[in-house]
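Inspection log for the structure reproduced underneath, given as structure tokens.
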Amino acid sequence: MGSIVLDSSVVIALLDPQDSHHKRCMKEFEHFKSLDKSSFFLSSITIAESLVGAFKKSYEYALEVFSRISEDIGVLVSFNIESAWLTAKIRSSSQIGFADAMIVATAEQLGAQLWTCDQKLLSKYKSVKYLGDLN
């Protein structure tokens, strides 16, 4: 399969068994992880978005969630000047916010498939796997 960038919606779903997308995301994640041919990556903005709810509970819980993300889910891709340039280009030509543009830029930089539960990202990047509701 190759490189896969996980959107915040997928990471949040993987971490929360109560999330409506949890089962589907977990099934796909475990399947591709077992193939050992895929590498999962996370934009630094994905980490930030995924930790907001955890910090609302407590600092200690946020550390625990960050540890789970770091150990179990994927490799962090830092936001750099190339990312900033590409994000601005994507943002200028689309109707998505900065956070989503940053995640799309990360996928584009890596030449990776983007996994998301966010329907509005489907038309914003050439290689998207949608894991949200199929209705």
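Identifiers in this document derive from the order of the structure tokens: chains are assigned A, B, ..., residues are numbered from 1 separately in each chain, and ligands are numbered from 1 in order of occurrence.
Taking only C-alpha atoms, the non-local environment of stretch 94-101 of chain A within 10 Å (same-chain residues fewer than 4 positions away omitted) comprises Asp7, Ser8, Ser43, Ser44, Ile45, Thr46, Ala48, Glu49, Ser83, Ala84, Leu86, Thr87, Ala88, Lys89, Ile90, Ala105, Thr106, Ala107, Asp118, Lys120, Leu121, Ser123, Lys124 and Tyr125 of chain A.
Residues with any atom within 8 Å of A:Val11, counting only C-alpha atoms and excluding same-chain neighbours fewer than 4 positions away, are Leu6, Asp7, Leu15, Thr46, Ser50, Ile69 and Ile73 of chain A.
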Keeping only N, CA and C atoms, write the selected residues as a CSV table (one decimal), in the first residue's frame.
chain,number,residue,atom,x,y,z
A,6,LEU,N,-2.9,9.9,8.3
A,6,LEU,CA,-4.2,9.9,9.0
A,6,LEU,C,-4.7,11.3,9.3
A,7,ASP,N,-5.9,11.6,8.9
A,7,ASP,CA,-6.5,12.8,9.3
A,7,ASP,C,-6.9,12.8,10.8
A,15,LEU,N,-8.9,6.3,18.7
A,15,LEU,CA,-8.7,6.4,20.2
A,15,LEU,C,-9.9,6.3,21.0
A,46,THR,N,-2.4,17.2,13.3
A,46,THR,CA,-3.3,16.1,13.7
A,46,THR,C,-3.1,15.8,15.2
A,50,SER,N,-6.0,16.1,17.9
A,50,SER,CA,-6.4,14.9,18.6
A,50,SER,C,-6.2,15.0,20.1
A,69,ILE,N,-0.7,7.6,20.8
A,69,ILE,CA,-0.6,8.0,19.4
A,69,ILE,C,0.8,7.7,18.9
A,73,ILE,N,0.2,4.4,16.7
A,73,ILE,CA,-0.5,4.9,15.4
A,73,ILE,C,0.4,5.3,14.3
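Running DSSP on the backbone gives strand (DSSP E or B) for these residues within stretch 11-130 of chain A: Ser38, Ser39, Phe40, Phe41, Leu42, Ser43, Val75, Leu76, Val77, Gln113, Leu114, Trp115, Thr116, Val128, Lys129 and Tyr130 of chain A.
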Just the selected residues (N, CA and C atoms), exported as a CSV table (one decimal), in the first residue's frame, please.
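Resulting contents of out.csv:
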chain,number,residue,atom,x,y,z
A,38,SER,N,2.5,-1.0,4.9
A,38,SER,CA,2.0,0.4,5.0
A,38,SER,C,2.7,1.1,6.1
A,39,SER,N,3.0,2.4,5.9
A,39,SER,CA,3.5,3.2,7.0
A,39,SER,C,2.5,4.3,7.2
A,40,PHE,N,2.2,4.5,8.5
A,40,PHE,CA,1.2,5.5,8.9
A,40,PHE,C,1.9,6.8,9.4
A,41,PHE,N,1.5,7.9,8.9
A,41,PHE,CA,2.1,9.2,9.2
A,41,PHE,C,1.0,10.2,9.8
A,42,LEU,N,1.4,11.1,10.6
A,42,LEU,CA,0.6,12.1,11.2
A,42,LEU,C,1.2,13.5,11.0
A,43,SER,N,0.4,14.4,10.6
A,43,SER,CA,0.8,15.8,10.6
A,43,SER,C,0.9,16.3,12.0
A,75,VAL,N,4.0,7.8,12.6
A,75,VAL,CA,5.2,8.7,12.7
A,75,VAL,C,4.8,10.1,12.5
A,76,LEU,N,5.2,11.0,13.4
A,76,LEU,CA,4.9,12.4,13.3
A,76,LEU,C,5.8,13.1,12.2
A,77,VAL,N,5.1,13.9,11.4
A,77,VAL,CA,5.7,14.6,10.3
A,77,VAL,C,5.7,16.1,10.7
A,113,GLN,N,-1.5,8.3,0.6
A,113,GLN,CA,-2.9,8.3,0.6
A,113,GLN,C,-3.4,9.0,1.9
A,114,LEU,N,-4.5,9.7,1.9
A,114,LEU,CA,-5.0,10.4,3.0
A,114,LEU,C,-6.3,9.7,3.5
A,115,TRP,N,-6.3,9.2,4.7
A,115,TRP,CA,-7.5,8.6,5.3
A,115,TRP,C,-8.2,9.6,6.1
A,116,THR,N,-9.5,9.7,5.9
A,116,THR,CA,-10.3,10.7,6.7
A,116,THR,C,-11.8,10.2,6.9
A,128,VAL,N,-7.6,9.9,-1.6
A,128,VAL,CA,-8.3,9.9,-0.3
A,128,VAL,C,-9.1,8.6,-0.1
A,129,LYS,N,-9.0,8.0,1.1
A,129,LYS,CA,-9.8,6.9,1.5
A,129,LYS,C,-10.7,7.4,2.6
A,130,TYR,N,-12.0,7.4,2.3
A,130,TYR,CA,-13.1,7.9,3.2
A,130,TYR,C,-13.5,6.8,4.1
Residues within 12 Å of A:Glu64, only C-alpha atoms, excluding chain neighbours under 5 positions, as a list in words | Leu15, Leu51, Ala54, Phe55, Lys57, Ser58, Tyr59, Ile69, Ser70, Glu71 and Asp72 of chain A
Requested write-out: N, CA and C atoms of the selected residues, as a PDB file, in the first residue's frame:
ATOM      1  N   LEU A  15      -8.915   6.307  18.744  1.00  0.00           N
ATOM      2  CA  LEU A  15      -8.684   6.426  20.184  1.00  0.00           C
ATOM      3  C   LEU A  15      -9.947   6.303  21.024  1.00  0.00           C
ATOM      4  N   LEU A  51      -5.416  15.975  20.586  1.00  0.00           N
ATOM      5  CA  LEU A  51      -5.180  16.118  22.024  1.00  0.00           C
ATOM      6  C   LEU A  51      -6.105  17.119  22.718  1.00  0.00           C
ATOM      7  N   ALA A  54      -8.458  15.444  25.096  1.00  0.00           N
ATOM      8  CA  ALA A  54      -7.696  14.835  26.196  1.00  0.00           C
ATOM      9  C   ALA A  54      -7.286  15.888  27.220  1.00  0.00           C
ATOM     10  N   PHE A  55      -6.838  17.041  26.754  1.00  0.00           N
ATOM     11  CA  PHE A  55      -6.448  18.111  27.677  1.00  0.00           C
ATOM     12  C   PHE A  55      -7.636  18.630  28.471  1.00  0.00           C
ATOM     13  N   LYS A  57      -9.831  16.838  29.748  1.00  0.00           N
ATOM     14  CA  LYS A  57      -9.964  15.918  30.889  1.00  0.00           C
ATOM     15  C   LYS A  57      -8.869  16.181  31.912  1.00  0.00           C
ATOM     16  N   SER A  58      -7.609  16.145  31.467  1.00  0.00           N
ATOM     17  CA  SER A  58      -6.495  16.447  32.363  1.00  0.00           C
ATOM     18  C   SER A  58      -5.185  16.407  31.591  1.00  0.00           C
ATOM     19  N   TYR A  59      -4.191  17.036  32.169  1.00  0.00           N
ATOM     20  CA  TYR A  59      -2.853  17.028  31.583  1.00  0.00           C
ATOM     21  C   TYR A  59      -2.311  15.599  31.520  1.00  0.00           C
ATOM     22  N   ILE A  69      -0.721   7.588  20.823  1.00  0.00           N
ATOM     23  CA  ILE A  69      -0.584   8.013  19.428  1.00  0.00           C
ATOM     24  C   ILE A  69       0.832   7.731  18.936  1.00  0.00           C
ATOM     25  N   SER A  70       1.806   8.121  19.722  1.00  0.00           N
ATOM     26  CA  SER A  70       3.208   7.971  19.331  1.00  0.00           C
ATOM     27  C   SER A  70       3.629   6.513  19.172  1.00  0.00           C
ATOM     28  N   GLU A  71       3.185   5.664  20.078  1.00  0.00           N
ATOM     29  CA  GLU A  71       3.605   4.268  20.065  1.00  0.00           C
ATOM     30  C   GLU A  71       2.800   3.393  19.121  1.00  0.00           C
ATOM     31  N   ASP A  72       1.506   3.656  19.005  1.00  0.00           N
ATOM     32  CA  ASP A  72       0.622   2.732  18.302  1.00  0.00           C
ATOM     33  C   ASP A  72       0.181   3.166  16.913  1.00  0.00           C
TER      34      ASP A  72
END
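Coordinates place atom CA of A:Lys23 at a distance of 12.2 Å from atom CA of A:Cys117.
Straight-line separation from atom CA of A:Phe79 to atom CA of A:Gln109: 10.7 Å.
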